[in-house]
$ cat structure_6.cif   # mmCIF, C-alpha atoms and all ligand atoms
data_entry
#
loop_
_atom_site.label_atom_id
_atom_site.label_comp_id
_atom_site.auth_asym_id
_atom_site.auth_seq_id
_atom_site.Cartn_x
_atom_site.Cartn_y
_atom_site.Cartn_z
CA MET A 1 -46.18 3.94 -7.61
CA SER A 2 -43.61 1.18 -7.24
CA ALA A 3 -43.55 -0.82 -4.01
CA GLU A 4 -40.19 0.77 -3.14
CA ARG A 5 -41.58 4.26 -3.68
CA VAL A 6 -44.58 3.47 -1.45
CA ARG A 7 -42.29 2.12 1.27
CA ALA A 8 -40.03 5.15 1.01
CA ALA A 9 -43.00 7.48 1.39
CA THR A 10 -44.60 5.63 4.32
CA ARG A 11 -43.69 6.10 7.97
CA VAL A 12 -44.60 3.74 10.81
CA CYS A 13 -44.35 4.01 14.58
CA TYR A 14 -42.35 1.27 16.34
CA ALA A 15 -44.31 1.94 19.54
CA CYS A 16 -48.00 2.10 18.60
CA GLY A 17 -47.92 0.78 15.03
CA ALA A 18 -49.56 3.89 13.51
CA GLU A 19 -48.80 4.47 9.83
CA THR A 20 -48.77 7.68 7.78
CA THR A 21 -47.79 8.90 4.34
CA ALA A 22 -47.27 12.46 5.59
CA PRO A 23 -43.57 13.49 5.58
CA ALA A 24 -43.67 13.33 9.38
CA VAL A 25 -40.82 12.58 11.75
CA ARG A 26 -42.88 11.99 14.90
CA CYS A 27 -46.00 9.92 15.51
CA ASP A 28 -49.06 11.46 17.17
CA CYS A 29 -48.08 9.36 20.22
CA GLY A 30 -44.86 11.38 20.41
CA GLU A 31 -42.43 8.64 19.37
CA PRO A 32 -40.07 8.87 16.37
CA LEU A 33 -41.24 7.26 13.13
CA TRP A 34 -39.24 5.10 10.75
CA LEU A 35 -39.77 3.44 7.35
CA PRO A 36 -41.82 0.22 7.14
CA GLU A 37 -39.84 -2.97 7.69
CA SER A 38 -38.08 -4.31 4.64
CA THR A 39 -37.82 -8.07 4.48
CA ASP A 40 -35.94 -8.16 1.20
CA ALA A 41 -32.35 -8.56 2.30
CA THR A 42 -31.05 -9.33 -1.19
CA SER A 43 -27.43 -8.29 -1.67
CA THR A 44 -26.06 -7.02 -4.99
CA ASP A 45 -22.58 -6.20 -6.24
CA ALA A 46 -23.04 -2.46 -5.69
CA SER A 47 -20.31 -0.58 -3.74
CA GLY A 48 -20.15 -0.17 0.02
CA MET A 49 -23.38 0.02 1.94
CA TRP A 50 -25.40 0.08 -1.30
CA ARG A 51 -24.72 -3.66 -1.64
CA HIS A 52 -27.67 -4.26 0.69
CA ALA A 53 -29.98 -2.79 -1.94
CA GLY A 54 -33.01 -4.86 -0.92
CA LEU A 55 -33.02 -3.20 2.49
CA LEU A 56 -32.61 0.35 1.15
CA PRO A 57 -35.20 2.63 -0.48
CA VAL A 58 -32.76 4.09 -3.04
CA ASP A 59 -29.68 3.03 -4.97
CA SER A 60 -26.36 4.84 -4.85
CA PRO A 61 -26.32 8.10 -6.80
CA GLY A 62 -22.63 7.38 -7.48
CA GLY A 63 -19.75 9.71 -6.69
CA VAL A 64 -18.50 9.86 -3.12
CA ALA A 65 -21.59 7.93 -1.94
CA ASP A 66 -19.96 4.79 -3.36
CA ALA A 67 -17.23 5.16 -0.74
CA VAL A 68 -19.68 4.88 2.16
CA GLY A 69 -19.90 1.62 4.09
CA ASP A 70 -17.94 -1.61 3.94
CA THR A 71 -15.77 -0.30 6.77
CA PRO A 72 -13.05 -2.58 8.21
CA LEU A 73 -13.52 -4.95 11.11
CA VAL A 74 -10.30 -5.45 13.11
CA ALA A 75 -9.50 -7.45 16.23
CA PRO A 76 -6.35 -6.19 18.01
CA ASP A 77 -5.38 -8.59 20.83
CA SER A 78 -4.44 -5.76 23.18
CA VAL A 79 -7.89 -4.22 22.93
CA ALA A 80 -9.61 -7.60 23.40
CA ASP A 81 -7.42 -8.21 26.48
CA PHE A 82 -8.41 -4.83 27.89
CA ALA A 83 -12.10 -5.65 27.42
CA GLY A 84 -11.68 -9.27 28.57
CA VAL A 85 -13.71 -10.72 25.70
CA ASN A 86 -13.44 -11.80 22.02
CA LEU A 87 -13.70 -8.34 20.61
CA SER A 88 -13.85 -6.96 17.09
CA LEU A 89 -13.92 -3.27 16.26
CA LYS A 90 -15.94 -1.87 13.37
CA LEU A 91 -14.00 1.18 12.19
CA GLU A 92 -16.52 3.79 11.06
CA GLY A 93 -13.77 6.40 11.02
CA HIS A 94 -12.97 5.11 7.52
CA ALA A 95 -16.07 6.83 6.09
CA PRO A 96 -15.50 9.77 3.69
CA THR A 97 -15.98 12.38 6.44
CA GLY A 98 -14.85 10.12 9.25
CA SER A 99 -18.02 8.90 10.95
CA PHE A 100 -21.01 6.58 10.51
CA LYS A 101 -23.11 9.71 9.95
CA ASP A 102 -22.08 9.39 6.29
CA ARG A 103 -24.31 6.31 5.97
CA GLY A 104 -27.33 8.37 6.99
CA SER A 105 -26.35 11.48 5.06
CA ALA A 106 -25.58 9.61 1.83
CA LEU A 107 -28.87 7.74 1.89
CA ALA A 108 -30.98 10.72 2.96
CA VAL A 109 -29.48 13.04 0.36
CA ALA A 110 -29.97 10.39 -2.35
CA ALA A 111 -33.60 10.00 -1.25
CA VAL A 112 -34.14 13.76 -1.30
CA GLU A 113 -32.72 13.90 -4.82
CA ALA A 114 -35.06 11.07 -5.87
CA GLY A 115 -37.98 13.18 -4.66
CA TYR A 116 -38.82 10.96 -1.66
CA ALA A 117 -38.90 13.89 0.75
CA GLY A 118 -41.38 15.88 -1.34
CA ASP A 119 -40.67 19.15 -3.05
CA VAL A 120 -37.66 20.45 -1.17
CA ARG A 121 -35.07 22.88 -2.46
CA ALA A 122 -32.39 22.31 0.19
CA VAL A 123 -31.31 20.10 3.05
CA GLY A 124 -30.26 21.11 6.52
CA THR A 125 -29.19 19.88 9.92
CA VAL A 126 -28.75 20.95 13.52
CA SER A 127 -25.24 20.00 14.58
CA HIS A 128 -21.82 21.37 15.35
CA GLY A 129 -19.98 18.12 14.88
CA ASN A 130 -19.85 15.07 12.65
CA MET A 131 -23.42 15.33 11.43
CA ALA A 132 -22.93 18.90 10.21
CA MET A 133 -19.79 17.97 8.31
CA SER A 134 -21.34 14.83 6.86
CA THR A 135 -24.61 16.43 5.76
CA ALA A 136 -22.78 19.37 4.18
CA ALA A 137 -20.42 17.03 2.32
CA PHE A 138 -23.16 14.90 0.80
CA ALA A 139 -25.28 17.94 -0.05
CA ALA A 140 -22.24 19.39 -1.85
CA SER A 141 -21.74 16.15 -3.77
CA ALA A 142 -25.37 16.33 -4.94
CA ASP A 143 -25.14 20.05 -5.69
CA LEU A 144 -27.99 20.66 -3.22
CA PRO A 145 -28.01 23.80 -1.08
CA CYS A 146 -27.43 23.03 2.61
CA VAL A 147 -28.01 24.96 5.81
CA VAL A 148 -26.29 24.07 9.09
CA LEU A 149 -27.54 25.49 12.38
CA VAL A 150 -24.71 25.71 14.92
CA PRO A 151 -24.59 27.13 18.46
CA ASP A 152 -23.38 30.69 18.67
CA ASP A 153 -20.33 29.74 20.79
CA ILE A 154 -19.00 27.07 18.41
CA PRO A 155 -15.17 26.85 18.39
CA GLU A 156 -13.63 28.30 15.20
CA SER A 157 -11.68 25.08 14.56
CA ARG A 158 -14.93 23.16 14.17
CA LEU A 159 -16.46 25.79 11.89
CA GLY A 160 -13.52 25.36 9.54
CA VAL A 161 -14.16 21.64 9.03
CA ILE A 162 -17.82 22.23 8.26
CA ALA A 163 -17.17 25.31 6.11
CA GLN A 164 -14.97 23.51 3.59
CA TYR A 165 -18.15 22.15 1.93
CA ASP A 166 -19.58 25.68 1.77
CA PRO A 167 -23.02 25.24 3.37
CA THR A 168 -24.91 28.24 4.74
CA ILE A 169 -23.80 28.22 8.38
CA VAL A 170 -26.07 29.98 10.84
CA ARG A 171 -24.90 30.64 14.40
CA VAL A 172 -28.03 30.46 16.51
CA ASP A 173 -28.44 32.40 19.71
CA GLY A 174 -30.66 31.06 22.47
CA ASP A 175 -31.78 27.58 23.51
CA TYR A 176 -29.97 25.26 21.09
CA GLY A 177 -31.80 22.25 22.58
CA ARG A 178 -35.13 23.54 21.27
CA LEU A 179 -33.80 23.67 17.72
CA TYR A 180 -34.25 19.97 17.04
CA GLU A 181 -38.08 20.23 16.87
CA ARG A 182 -38.18 23.83 15.71
CA SER A 183 -35.93 23.16 12.69
CA LEU A 184 -38.24 20.38 11.52
CA GLU A 185 -41.24 22.74 11.67
CA LEU A 186 -39.36 25.57 9.96
CA GLY A 187 -38.06 23.15 7.35
CA ARG A 188 -41.61 22.22 6.35
CA GLU A 189 -42.51 25.90 5.96
CA HIS A 190 -39.39 26.68 3.93
CA ASP A 191 -39.14 23.49 1.84
CA ILE A 192 -35.89 22.43 3.48
CA ALA A 193 -35.46 18.78 4.46
CA PHE A 194 -33.83 18.81 7.90
CA LEU A 195 -31.85 15.60 8.17
CA ASN A 196 -31.51 15.63 11.96
CA SER A 197 -30.01 12.83 14.02
CA ASP A 198 -32.87 10.32 14.10
CA VAL A 199 -35.14 11.29 11.17
CA PRO A 200 -36.49 8.27 9.23
CA LEU A 201 -34.24 8.57 6.16
CA ARG A 202 -31.10 9.01 8.26
CA VAL A 203 -31.97 5.95 10.37
CA GLU A 204 -32.55 3.99 7.16
CA GLY A 205 -28.97 4.62 6.04
CA GLN A 206 -27.45 4.23 9.49
CA LYS A 207 -28.91 0.76 9.86
CA THR A 208 -26.27 -0.50 7.42
CA THR A 209 -23.56 -0.46 10.13
CA ALA A 210 -25.27 -3.37 11.92
CA VAL A 211 -26.22 -5.01 8.61
CA GLU A 212 -22.53 -5.22 7.70
CA VAL A 213 -21.56 -6.49 11.17
CA CYS A 214 -24.21 -9.23 11.10
CA LEU A 215 -23.66 -10.37 7.52
CA ASP A 216 -19.95 -10.75 8.22
CA ALA A 217 -20.59 -13.13 11.16
CA VAL A 218 -23.39 -12.57 13.68
CA PRO A 219 -21.76 -11.68 17.01
CA ASP A 220 -23.38 -12.46 20.37
CA ALA A 221 -23.48 -8.76 21.11
CA ILE A 222 -22.98 -5.39 19.44
CA VAL A 223 -21.88 -2.47 21.63
CA MET A 224 -22.29 1.15 20.52
CA PRO A 225 -22.05 4.61 22.08
CA VAL A 226 -25.40 6.40 22.14
CA SER A 227 -26.43 10.04 22.09
CA SER A 228 -29.63 10.96 20.21
CA GLY A 229 -30.40 7.30 19.53
CA GLY A 230 -30.44 7.57 15.75
CA HIS A 231 -27.64 5.05 15.18
CA ALA A 232 -29.02 2.71 17.86
CA SER A 233 -32.45 2.84 16.20
CA GLY A 234 -30.83 1.90 12.92
CA ALA A 235 -29.05 -1.06 14.53
CA TRP A 236 -32.32 -2.33 16.01
CA LYS A 237 -34.14 -1.97 12.68
CA ALA A 238 -31.25 -3.77 10.93
CA VAL A 239 -31.29 -6.86 13.14
CA ARG A 240 -35.08 -7.11 12.98
CA GLU A 241 -35.09 -6.88 9.19
CA LEU A 242 -32.23 -9.36 8.70
CA HIS A 243 -33.96 -11.80 11.03
CA ALA A 244 -37.36 -11.37 9.35
CA ALA A 245 -35.70 -11.88 5.96
CA GLY A 246 -34.06 -15.09 7.17
CA ARG A 247 -30.52 -13.76 6.66
CA ILE A 248 -29.58 -14.30 10.33
CA ASP A 249 -30.85 -17.03 12.68
CA GLN A 250 -30.10 -15.27 15.91
CA ILE A 251 -30.50 -11.62 16.90
CA PRO A 252 -27.40 -10.21 18.65
CA GLU A 253 -27.87 -8.41 21.95
CA LEU A 254 -27.67 -4.65 21.46
CA HIS A 255 -25.80 -2.85 24.25
CA PHE A 256 -25.58 0.93 24.36
CA VAL A 257 -23.18 3.05 26.39
CA GLN A 258 -23.32 6.65 27.62
CA ALA A 259 -20.90 8.87 29.52
CA SER A 260 -22.08 8.93 33.15
CA PRO A 261 -22.01 12.75 33.56
CA CYS A 262 -24.82 12.87 30.98
CA ALA A 263 -26.60 9.50 30.79
CA PRO A 264 -30.39 9.91 30.66
CA ILE A 265 -31.06 6.67 28.76
CA ALA A 266 -28.84 4.54 31.01
CA ALA A 267 -30.55 6.06 34.06
CA ALA A 268 -34.00 5.18 32.72
CA PHE A 269 -32.83 1.64 31.90
CA GLU A 270 -31.45 1.13 35.39
CA ARG A 271 -34.71 2.37 36.92
CA GLY A 272 -36.67 -0.02 34.71
CA ASP A 273 -38.58 2.88 33.14
CA GLU A 274 -40.07 2.80 29.66
CA THR A 275 -39.50 6.47 29.02
CA VAL A 276 -36.41 8.64 29.30
CA ALA A 277 -36.57 11.75 31.46
CA PRO A 278 -34.33 14.68 30.43
CA VAL A 279 -31.37 15.26 32.77
CA ASP A 280 -29.27 18.21 33.77
CA GLY A 281 -26.15 17.04 31.93
CA LYS A 282 -22.69 17.70 33.40
CA GLU A 283 -19.41 18.21 31.53
CA THR A 284 -17.76 15.11 30.10
CA ILE A 285 -14.77 14.46 27.85
CA ALA A 286 -17.26 12.63 25.61
CA TYR A 287 -19.08 15.89 24.86
CA SER A 288 -20.13 14.81 21.37
CA ILE A 289 -22.50 12.22 22.87
CA ALA A 290 -23.70 14.30 25.83
CA ASN A 291 -27.37 14.62 24.89
CA ALA A 292 -29.47 15.52 27.93
CA ASP A 293 -32.80 15.02 26.15
CA PRO A 294 -32.32 12.38 23.42
CA PRO A 295 -35.09 12.42 20.77
CA SER A 296 -34.98 8.63 20.27
CA GLY A 297 -34.29 7.77 23.92
CA ASN A 298 -37.42 5.68 24.41
CA ARG A 299 -36.73 3.79 21.20
CA VAL A 300 -33.23 2.95 22.46
CA LEU A 301 -34.74 1.55 25.67
CA ALA A 302 -37.04 -0.61 23.55
CA ALA A 303 -34.11 -1.76 21.37
CA ALA A 304 -32.02 -2.88 24.34
CA ARG A 305 -34.92 -4.69 26.03
CA ASP A 306 -36.16 -6.34 22.83
CA THR A 307 -32.74 -7.81 22.02
CA GLY A 308 -31.77 -8.76 25.57
CA GLY A 309 -29.15 -6.02 25.75
CA THR A 310 -28.46 -3.21 28.22
CA ILE A 311 -27.81 0.50 28.47
CA THR A 312 -24.96 1.38 30.74
CA SER A 313 -22.73 4.33 31.50
CA VAL A 314 -19.02 4.83 32.22
CA ASP A 315 -17.13 7.64 33.92
CA ASP A 316 -14.49 9.76 32.22
CA ASP A 317 -11.57 7.92 33.87
CA ALA A 318 -12.77 4.63 32.39
CA THR A 319 -13.14 6.37 29.03
CA ARG A 320 -9.59 7.77 29.25
CA ALA A 321 -8.16 4.30 29.92
CA ALA A 322 -10.06 2.92 26.92
CA LEU A 323 -8.91 5.78 24.70
CA GLU A 324 -5.29 5.09 25.66
CA THR A 325 -5.72 1.37 24.91
CA LEU A 326 -7.11 2.14 21.46
CA ALA A 327 -4.34 4.62 20.70
CA GLN A 328 -1.74 2.06 21.77
CA ALA A 329 -3.30 -0.33 19.25
CA GLY A 330 -2.74 2.38 16.62
CA ILE A 331 -6.39 3.31 16.34
CA SER A 332 -7.46 6.94 16.35
CA VAL A 333 -11.05 7.35 17.51
CA GLU A 334 -13.34 10.02 18.81
CA THR A 335 -13.88 9.87 22.57
CA SER A 336 -17.38 8.39 22.13
CA CYS A 337 -15.79 5.18 20.80
CA ALA A 338 -13.71 4.83 23.94
CA VAL A 339 -16.99 5.08 25.86
CA ALA A 340 -18.19 1.99 23.95
CA LEU A 341 -14.97 0.11 24.73
CA ALA A 342 -15.07 1.09 28.42
CA GLY A 343 -18.71 -0.03 28.50
CA THR A 344 -17.80 -3.40 26.97
CA ARG A 345 -15.17 -3.91 29.66
CA LYS A 346 -17.68 -2.99 32.36
CA LEU A 347 -20.25 -5.46 31.03
CA VAL A 348 -17.65 -8.26 31.01
CA ARG A 349 -16.40 -7.44 34.51
CA SER A 350 -19.93 -7.42 35.91
CA GLY A 351 -20.60 -10.80 34.31
CA ARG A 352 -23.26 -9.40 31.97
CA LEU A 353 -21.16 -10.48 28.94
CA ALA A 354 -19.45 -13.88 29.10
CA PRO A 355 -15.65 -13.80 28.55
CA ASP A 356 -16.02 -16.21 25.62
CA ALA A 357 -18.73 -14.14 23.90
CA ASP A 358 -18.09 -12.72 20.43
CA VAL A 359 -18.59 -9.00 20.69
CA THR A 360 -18.35 -6.24 18.10
CA ALA A 361 -17.90 -2.69 19.38
CA VAL A 362 -18.66 0.06 16.91
CA MET A 363 -15.94 2.71 16.70
CA THR A 364 -18.30 5.35 15.38
CA GLY A 365 -15.85 8.04 14.28
CA THR A 366 -12.25 9.05 13.76
CA GLY A 367 -10.17 10.93 16.28
CA LEU A 368 -8.36 12.78 13.55
CA LYS A 369 -10.73 15.75 13.74
CA ASP A 370 -10.18 16.12 17.45
CA ALA A 371 -7.09 18.16 18.22
CA SER A 372 -7.73 18.45 21.96
CA GLY A 373 -5.17 15.88 23.19
CA SER A 374 -2.00 17.03 24.94
CA ALA A 375 1.47 16.02 23.79
CA ASP A 376 4.73 15.27 25.60
CA THR A 377 7.62 16.39 23.41
CA ALA A 378 11.39 16.18 23.49
CA HIS A 379 13.56 19.03 22.26
CA ALA A 380 16.98 19.09 20.62
CA THR A 381 19.21 21.06 18.28
CA VAL A 382 20.27 19.32 15.06
CA ASP A 383 23.71 18.69 16.60
CA ARG A 384 22.25 17.08 19.72
CA LEU A 385 19.68 14.84 17.99
CA ASP A 386 22.00 11.88 18.51
CA ALA A 387 21.40 11.79 22.23
CA VAL A 388 17.62 11.97 21.87
CA LEU A 389 17.47 9.26 19.21
CA ASP A 390 19.61 7.01 21.41
CA GLU A 391 16.92 7.16 24.06
CA VAL A 392 14.03 6.17 21.71
CA GLY A 393 12.41 3.01 23.02
CA ALA A 394 14.55 3.00 26.18
CA ASP A 395 11.43 3.13 28.35
CA ARG A 396 9.87 -0.01 26.83
C1 LIG B 401 -23.35 11.02 16.30
C2 LIG B 401 -22.30 10.22 16.92
C3 LIG B 401 -22.59 9.32 17.97
C4 LIG B 401 -23.96 9.17 18.56
O1 LIG B 401 -24.93 8.71 17.63
P1 LIG B 401 -26.49 8.98 17.86
O2 LIG B 401 -27.14 8.49 16.61
O3 LIG B 401 -26.69 10.47 18.05
O4 LIG B 401 -26.91 8.24 19.09
C5 LIG B 401 -21.55 8.57 18.48
N1 LIG B 401 -20.28 8.68 18.00
C6 LIG B 401 -19.97 9.52 17.00
C7 LIG B 401 -18.56 9.59 16.50
C8 LIG B 401 -20.96 10.32 16.42
O5 LIG B 401 -20.64 11.15 15.41
ZN ZN B 402 -46.96 5.99 17.78
#
$ encode --input "structure_6.cif" --output "structure tokens" --more "lines below"
Ligand SMILES: *Cc1c(COP(=O)(O)O)cnc(C)c1O
Ligand SMILES: [Zn+2]
Amino acid sequence: MSAERVRAATRVCYACGAETTAPAVRCDCGEPLWLPESTDATSTDASGMWRHAGLLPVDSPGGVADAVGDTPLVAPDSVADFAGVNLSLKLEGHAPTGSFKDRGSALAVAAVEAGYAGDVRAVGTVSHGNMAMSTAAFAASADLPCVVLVPDDIPESRLGVIAQYDPTIVRVDGDYGRLYERSLELGREHDIAFLNSDVPLRVEGQKTTAVEVCLDAVPDAIVMPVSSGGHASGAWKAVRELHAAGRIDQIPELHFVQASPCAPIAAAFERGDETVAPVDGKETIAYSIANADPPSGNRVLAAARDTGGTITSVDDDATRAALETLAQAGISVETSCAVALAGTRKLVRSGRLAPDADVTAVMTGTGLKDASGSADTAHATVDRLDAVLDEVGADR
């Protein structure tokens, strides 16, 4: 077996150091596993995220996968002013299905195709949002069957976006929260690789967001919204690997932000705990990141502490103000991204981030899938349009 193949087939525990070659997702100690550290940060001229080939267990299979990664970094003054800091935004909404999940899905599906997940005949995921759409899209591109487990009460509009890639969609009755673990067990019995939010292969692809941020110019801090902790885990692994490989001299602080109505990781951080206790989550406009029992919660705590960062939470009013600021800069994002911007502002106001710090906030997904906003409209007949057009810009 090649060294790459061995690395791709091995799983290690960040917490206790245990190692296994079983296709496991969790360590016996209960913590999530990930692939062994790669210290080969060689870059190639491959497309998108595949450029960081030394850090990845597989190469691009081509096709739409080549369009994943290399997302833009922009720095609108109005957004920096709102946050009160030198702020850049990494626009993950530019991915093929509109979120960073594509990094994880593209890599995981390529690894499954290369036989790294054992003898599986299909892939699957538990999601009713971006991850479902992303996994289904990359499975379709690889001509792999895909099964998506959604909650029974999923809105029809969301089903439509997932259904375009023609996966088997199963509406599941009962405790949707239990499905995360249960799907992994069932997947093993049915030879289906469940590519859930923080599984090792998904984390391996999702680490490329932070790789790209750091190789552009290492910021003092990276701020991201957090839900399951899969993306955050990837960011932590990325900065450790780049540092170990000598590609960066300094590790940026990793700051993670949750919506306060459902913020179990932030609560544990504030208490100084090393483990996250599940909460009774309340409604929030940032519903896509409202995870009351995050599978990689403890790993996120470790990531923030290890890098000198924080985990904080913001209320929905702060999120609304951030969302408006982003929209006024012409940037359409999912609500979770506004949570990250509101969190950045909070960290600057509290003095936790210096006003002259270089900060990159990750805008994890596009707002173009989210049709929930309300609209003020004017109305006119063709003959009366004159009067309306005269008024355009009058309120500036
Ligand atoms: C999935 C997702 C998140 C949260 O990422 P986790 O890996 O679950 O912590 C944040 N924003 C968007 C747009 C997402 O799709
Ligand atoms: Zn362990």
$ residues_near_ligand --input "structure_6.cif" --ligand "ligand LIG 401 (chain B)" --cutoff "6 Å" --atoms "only C-alpha atoms and all ligand atoms" --output "PDB file with C-alpha atoms, in the frame of the given file"
ATOM      1  CA  SER A  99     -18.020   8.900  10.950  1.00  0.00           C
ATOM      2  CA  ASN A 130     -19.850  15.070  12.650  1.00  0.00           C
ATOM      3  CA  SER A 197     -30.010  12.830  14.020  1.00  0.00           C
ATOM      4  CA  PRO A 225     -22.050   4.610  22.080  1.00  0.00           C
ATOM      5  CA  VAL A 226     -25.400   6.400  22.140  1.00  0.00           C
ATOM      6  CA  SER A 227     -26.430  10.040  22.090  1.00  0.00           C
ATOM      7  CA  SER A 228     -29.630  10.960  20.210  1.00  0.00           C
ATOM      8  CA  GLY A 229     -30.400   7.300  19.530  1.00  0.00           C
ATOM      9  CA  GLY A 230     -30.440   7.570  15.750  1.00  0.00           C
ATOM     10  CA  HIS A 231     -27.640   5.050  15.180  1.00  0.00           C
ATOM     11  CA  ILE A 289     -22.500  12.220  22.870  1.00  0.00           C
ATOM     12  CA  GLU A 334     -13.340  10.020  18.810  1.00  0.00           C
ATOM     13  CA  SER A 336     -17.380   8.390  22.130  1.00  0.00           C
ATOM     14  CA  THR A 364     -18.300   5.350  15.380  1.00  0.00           C
ATOM     15  CA  GLY A 365     -15.850   8.040  14.280  1.00  0.00           C
TER      16      GLY A 365
END
$ residues_near_ligand --input "structure_6.cif" --ligand "ligand ZN 402 (chain B)" --cutoff "12 Å" --atoms "only C-alpha atoms and all ligand atoms" --output "ChimeraX atom specification"
/A:11-20,24-34,298-299
$ residues_near_point --input "structure_6.cif" --point "(-22.9, 15.5, 3.6)" --cutoff "9 Å" --atoms "all atoms listed in the file" --output "list in words"
Thr97, Lys101, Asp102, Ser105, Ala106, Val109, Met131, Ala132, Met133, Ser134, Thr135, Ala136, Ala137, Phe138, Ala139, Ala140, Ser141, Ala142, Cys146 and Tyr165 of chain A
$ closest_atom_pairs --input "structure_6.cif" --of "stretch 208-268 of chain A" --to "stretch 313-321 of chain A" --cutoff "8 Å" --atoms "all atoms listed in the file" --output "Markdown table"
| residue | atom | partner | partner_atom | distance |
| --- | --- | --- | --- | --- |
| A:Val257 | CA | A:Ser313 | CA | 5.3 |
| A:Gln258 | CA | A:Ser313 | CA | 4.6 |
| A:Ala259 | CA | A:Val314 | CA | 5.2 |
| A:Ser260 | CA | A:Ser313 | CA | 4.9 |
| A:Pro261 | CA | A:Asp315 | CA | 7.1 |
| A:Ala263 | CA | A:Ser313 | CA | 6.5 |
| A:Ala266 | CA | A:Ser313 | CA | 6.1 |
$ residues_around --input "structure_6.cif" --residues "A:Trp50" --least-positions-apart "4" --cutoff "12 Å" --atoms "only C-alpha atoms" --output "PyMOL selection string"
chain A and resi 41-46+54-62+65-70+103-104+106-107+110+204-209+211-212
$ build_atoms --input "structure_6.cif" --residues "stretch 336-350 of chain A" --atoms "N, CA and C atoms" --output "short mmCIF file (atom, residue, chain, number, x, y, z; two decimals), in the coordinates of the input"
data_model
loop_
_atom_site.label_atom_id
_atom_site.label_comp_id
_atom_site.auth_asym_id
_atom_site.auth_seq_id
_atom_site.Cartn_x
_atom_site.Cartn_y
_atom_site.Cartn_z
N SER A 336 -16.16 9.20 21.98
CA SER A 336 -17.38 8.39 22.13
C SER A 336 -17.08 6.90 21.92
N CYS A 337 -16.12 6.59 21.08
CA CYS A 337 -15.79 5.18 20.80
C CYS A 337 -15.14 4.54 22.02
N ALA A 338 -14.33 5.33 22.72
CA ALA A 338 -13.71 4.83 23.94
C ALA A 338 -14.77 4.56 24.99
N VAL A 339 -15.85 5.33 24.95
CA VAL A 339 -16.99 5.08 25.86
C VAL A 339 -17.55 3.68 25.58
N ALA A 340 -17.67 3.32 24.30
CA ALA A 340 -18.19 1.99 23.95
C ALA A 340 -17.25 0.89 24.43
N LEU A 341 -15.93 1.12 24.28
CA LEU A 341 -14.97 0.11 24.73
C LEU A 341 -14.99 -0.01 26.26
N ALA A 342 -15.02 1.12 26.95
CA ALA A 342 -15.07 1.09 28.42
C ALA A 342 -16.36 0.39 28.88
N GLY A 343 -17.43 0.62 28.16
CA GLY A 343 -18.71 -0.03 28.50
C GLY A 343 -18.63 -1.53 28.30
N THR A 344 -17.96 -1.96 27.24
CA THR A 344 -17.80 -3.40 26.97
C THR A 344 -17.06 -4.05 28.14
N ARG A 345 -15.97 -3.40 28.54
CA ARG A 345 -15.17 -3.91 29.66
C ARG A 345 -16.02 -4.02 30.93
N LYS A 346 -16.82 -2.99 31.16
CA LYS A 346 -17.68 -2.99 32.36
C LYS A 346 -18.69 -4.14 32.32
N LEU A 347 -19.26 -4.39 31.15
CA LEU A 347 -20.25 -5.46 31.03
C LEU A 347 -19.61 -6.84 31.24
N VAL A 348 -18.35 -6.98 30.82
CA VAL A 348 -17.65 -8.26 31.01
C VAL A 348 -17.31 -8.43 32.50
N ARG A 349 -16.79 -7.37 33.09
CA ARG A 349 -16.40 -7.44 34.51
C ARG A 349 -17.58 -7.71 35.42
N SER A 350 -18.75 -7.21 35.05
CA SER A 350 -19.93 -7.42 35.91
C SER A 350 -20.59 -8.77 35.62
#
